[in-house]
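Below is one structure, written out as structure tokens; comments come after it.
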Amino acid sequence: MRAAPARLPAAADAHAYASDEQRWRAVRERDDAADGAFYYAVTTTRIYNRPSCTARLARRENVEFHASLEELRLRGYRPCRRCRPGEPEPTREHAALVARVCGLMDTAAAPLNLDELAQSAGYSRFHFHRMFKSLTGLTPHTYWSAVRARRVREELLRARTVSDAIYQSGFTTTGQFYAVSSSILGMTPQEFRAGAAGVEIRFALADTDESPVLVAVTQTGVCAVLEGPEQAARERLAELFPYAVRRADDRCFEARLGQLLARPAALHPVHPLLPREVRQLCRDERIRQLLRTPVHPAPASR
């Protein structure tokens with residue numbers, strides 16, 4: 001088996017590491033998401049490191065933080081031989097591996113376990129899991145669940161029966177599906193197939209790094225995350241749920257959605273080298289996770 005790869009940083013958000021306190025916390029936690037946002041140097045050893053370096057933690061009073069490698073080199077610091085700051089990361093190779101594994105899950109009829117996925121990528125179970133989550137923001141299991149959820153939403157619109165849709169999507173029992181159906185559909189499968197007849201759906205637009213999205217919810221969960229310009233997304237929502245009671249003026253939901261997406265790291269930056277369809281699936285799943293708690297309608301004004 002291939003030796004464990006160097007840690008791959010996620011796209012670093014410099015604002016998340018603006019203070020020395022935040023930087024020191026990242027170093028203590030060996031936060032690989034901080035790699036590239038800053039470096040730390042140990043004054044007693046004259047060595048500088050990535051925040052994620054696994055070397056023995058130095059005393060806080062002997063640590064200083066720097067934004068650039070040039071600054072460290074001018075001050076006579078030497079790079080750590082363990083984490084090798086400044087050397088190019090094998091980002092493209094990792095992204096290609098993760099994209100290939102995502103492709104396997106996209107076409108698999110049944111879930112692949114973590115050992116099988118890691119073996120197919122040529123990494124240990126631990127390093128593959130870490131690499132996958134670093135690039136996508138999801139665990140391999142969560143990604144597979146999102147793939148299966150997308151399938152069942154598609155199958156419900158064309159399969160002969162609900163049971164056919166469930167089994168053709170990768171669920172092994174109907175009970176397994178019904179245990180998570182509300183979080184996947186936001187309504188019953190029968191209502192989903194019937195164009196959400198009589199179901200109240202509220203929706204709002206939100207901006208993401210990838211593109212604007214329309215997020216639609218019912219009292220039981222998210223029923224759609226649709227990408228594109230507002231008018232096109234509204235038309236797609238109407239096609240999916242022609243008989244629903246659609247409401248676009250729920251300020252309570254609009255405010256909550258905005259607050260959730262404004263939280264630091266609410267939407268983990270999916271690596272730009274991954275295929276667009278992978279990035280889109282990961283983003284949509286994170287939005288659904290943020291809105292797992294049902295959103296109740298705003299009280300009527302008196």
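Labeling convention for the structure tokens: chains A, B, ... as they appear, residues from 1 per chain, ligands from 1 in order of appearance.
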
request  = Just the strand (DSSP E) stuff from range 15-127 of chain A, please, per backbone DSSP, written as an NGL selection string.
outcome  = :A and (39-42 or 47-49 or 63-66 or 78-79)

inquiry  = I'd like the contact shell of Glu154 in chain A - 12 Å cut-off, only C-alpha atoms, skipping same-chain residues fewer than 5 positions apart - returned as a list of chain:residue names.
reply    = A:Val147, A:Arg148, A:Ala149, A:Ala159, A:Val162, A:Asp164, A:Ala165, A:Ile166, A:Gln168, A:Ser169, A:Ile184, A:Leu185, A:Pro189, A:Phe192, A:Arg193, A:Ala224, A:Leu240

Expected answer as a PyMOL selection string: alpha helix (DSSP H) residues in range 45-255 of chain A = chain A and resi 69-74+91-107+114-121+125-136+140-156+162-168+174-178+181-185+189-193+230-240+251-255

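Straight-line separation from CA of Ala204 in chain A to CA of Glu254 in chain A: 5.5 Å.
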
task = Mind checking which residues fall within 10 Å of Arg59 in chain A, counting only C-alpha atoms, ignoring those fewer than 3 positions away in the same chain, and posting them as a PyMOL selection string?
result = chain A and resi 42+44+56+62-63

request  = Take CA of Leu274 in chain A and CA of Val215 in chain A and report the distance between them in Å, one decimal.
outcome  = 23.2 Å

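The smallest atom-to-atom distance between Glu191 in chain A and any of A:Val213, A:Ala232, A:Ala110, A:Ala244, using only C-alpha atoms, is found for A:Ala244.
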
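One finds CA of Arg279 in chain A at 24.8 Å from CA of Ala238 in chain A.
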
task = Name all residues at most 12 Å from Arg81 in chain A (count only C-alpha atoms; drop same-chain ones fewer than 6 positions away) and give them as a PyMOL selection string.
result = chain A and resi 6+47-50+53-55+87

With a distance cut-off of 12 Å and only C-alpha atoms, select the neighbouring residues of Ser19 in chain A, excluding the residue or stretch itself and same-chain residues fewer than 4 positions from it, and output the selection as a PDB file with N, CA, C and O atoms, in the first residue's frame.
```pdb
ATOM      1  N   ALA A  14      -8.395  33.125   5.271  1.00  0.00           N
ATOM      2  CA  ALA A  14      -7.501  33.928   6.104  1.00  0.00           C
ATOM      3  C   ALA A  14      -8.260  34.649   7.210  1.00  0.00           C
ATOM      4  O   ALA A  14      -7.729  34.878   8.298  1.00  0.00           O
ATOM      5  N   HIS A  15      -9.513  34.998   6.947  1.00  0.00           N
ATOM      6  CA  HIS A  15     -10.292  35.719   7.958  1.00  0.00           C
ATOM      7  C   HIS A  15     -10.536  34.868   9.189  1.00  0.00           C
ATOM      8  O   HIS A  15     -10.750  35.382  10.277  1.00  0.00           O
ATOM      9  N   ARG A  23      -4.901  31.672  15.501  1.00  0.00           N
ATOM     10  CA  ARG A  23      -3.792  30.935  14.882  1.00  0.00           C
ATOM     11  C   ARG A  23      -3.221  29.890  15.834  1.00  0.00           C
ATOM     12  O   ARG A  23      -2.934  28.762  15.435  1.00  0.00           O
ATOM     13  N   TRP A  24      -3.084  30.268  17.092  1.00  0.00           N
ATOM     14  CA  TRP A  24      -2.533  29.324  18.060  1.00  0.00           C
ATOM     15  C   TRP A  24      -3.481  28.144  18.258  1.00  0.00           C
ATOM     16  O   TRP A  24      -3.047  26.996  18.388  1.00  0.00           O
ATOM     17  N   ARG A  25      -4.786  28.425  18.252  1.00  0.00           N
ATOM     18  CA  ARG A  25      -5.754  27.332  18.365  1.00  0.00           C
ATOM     19  C   ARG A  25      -5.619  26.380  17.175  1.00  0.00           C
ATOM     20  O   ARG A  25      -5.667  25.160  17.333  1.00  0.00           O
ATOM     21  N   ALA A  26      -5.436  26.937  15.980  1.00  0.00           N
ATOM     22  CA  ALA A  26      -5.268  26.107  14.787  1.00  0.00           C
ATOM     23  C   ALA A  26      -4.021  25.244  14.891  1.00  0.00           C
ATOM     24  O   ALA A  26      -4.017  24.075  14.490  1.00  0.00           O
ATOM     25  N   ALA A  37      -2.897  29.742   5.082  1.00  0.00           N
ATOM     26  CA  ALA A  37      -3.357  31.028   5.619  1.00  0.00           C
ATOM     27  C   ALA A  37      -2.241  31.717   6.397  1.00  0.00           C
ATOM     28  O   ALA A  37      -2.164  32.943   6.429  1.00  0.00           O
ATOM     29  N   PHE A  38      -1.363  30.920   7.036  1.00  0.00           N
ATOM     30  CA  PHE A  38      -0.234  31.466   7.778  1.00  0.00           C
ATOM     31  C   PHE A  38       0.745  30.329   8.070  1.00  0.00           C
ATOM     32  O   PHE A  38       0.451  29.150   7.805  1.00  0.00           O
ATOM     33  N   GLU A  64       5.862  32.253  17.013  1.00  0.00           N
ATOM     34  CA  GLU A  64       5.397  33.478  16.369  1.00  0.00           C
ATOM     35  C   GLU A  64       4.790  33.113  15.023  1.00  0.00           C
ATOM     36  O   GLU A  64       5.080  32.053  14.463  1.00  0.00           O
ATOM     37  N   PHE A  65       3.930  33.995  14.511  1.00  0.00           N
ATOM     38  CA  PHE A  65       3.165  33.691  13.305  1.00  0.00           C
ATOM     39  C   PHE A  65       3.571  34.631  12.167  1.00  0.00           C
ATOM     40  O   PHE A  65       3.849  35.813  12.393  1.00  0.00           O
ATOM     41  N   HIS A  66       3.582  34.062  10.955  1.00  0.00           N
ATOM     42  CA  HIS A  66       3.973  34.839   9.778  1.00  0.00           C
ATOM     43  C   HIS A  66       3.042  34.516   8.615  1.00  0.00           C
ATOM     44  O   HIS A  66       2.594  33.380   8.470  1.00  0.00           O
ATOM     45  N   ALA A  67       2.809  35.523   7.790  1.00  0.00           N
ATOM     46  CA  ALA A  67       1.894  35.355   6.661  1.00  0.00           C
ATOM     47  C   ALA A  67       2.583  34.817   5.420  1.00  0.00           C
ATOM     48  O   ALA A  67       1.928  34.223   4.560  1.00  0.00           O
TER      49      ALA A  67
END
```

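Taking only C-alpha atoms into account, Cys102 in chain A lies nearest to A:Ala146 out of the set A:Ala146, A:Leu69, A:Leu260, A:Val152.
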
key: Polymer residues at most 8 Å from Phe241 in chain A, only C-alpha atoms, same-chain spacing of 5 or more positions, as a list in words   = Phe192, Ala194, Gly195, Ala196 and Ala197 of chain A

request  = Go through A:Ser68, A:Val278, A:Arg153, A:Arg30 and flag the residue nearest Arg100 in chain A, using only C-alpha atoms for the distances.
outcome  = A:Val278

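Distances from A:Tyr17, A:Gly86, A:Ala33, A:Val27 to Leu57 in chain A were compared using only C-alpha atoms, and the smallest one belongs to A:Val27.
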
inquiry  = Neighbouring residues of Phe203 in chain A were defined as those with any atom within 10 Å, considering only C-alpha atoms; residues of the same chain fewer than 5 positions away were excluded. Please report them as number ranges by chain.
reply    = A: 214-218, 222-225, 234, 237, 246-251, 253-254, 257

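Counting only C-alpha atoms, the residue from A:Asn113, A:Gln176, A:Arg286, A:Gln231 that sits nearest to Arg125 in chain A is A:Asn113.
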
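Shortest separation to Asp284 in chain A among A:Leu205, A:Leu157, A:Arg150, A:Gly221 occurs at residue A:Arg150, atoms counted being only C-alpha atoms.
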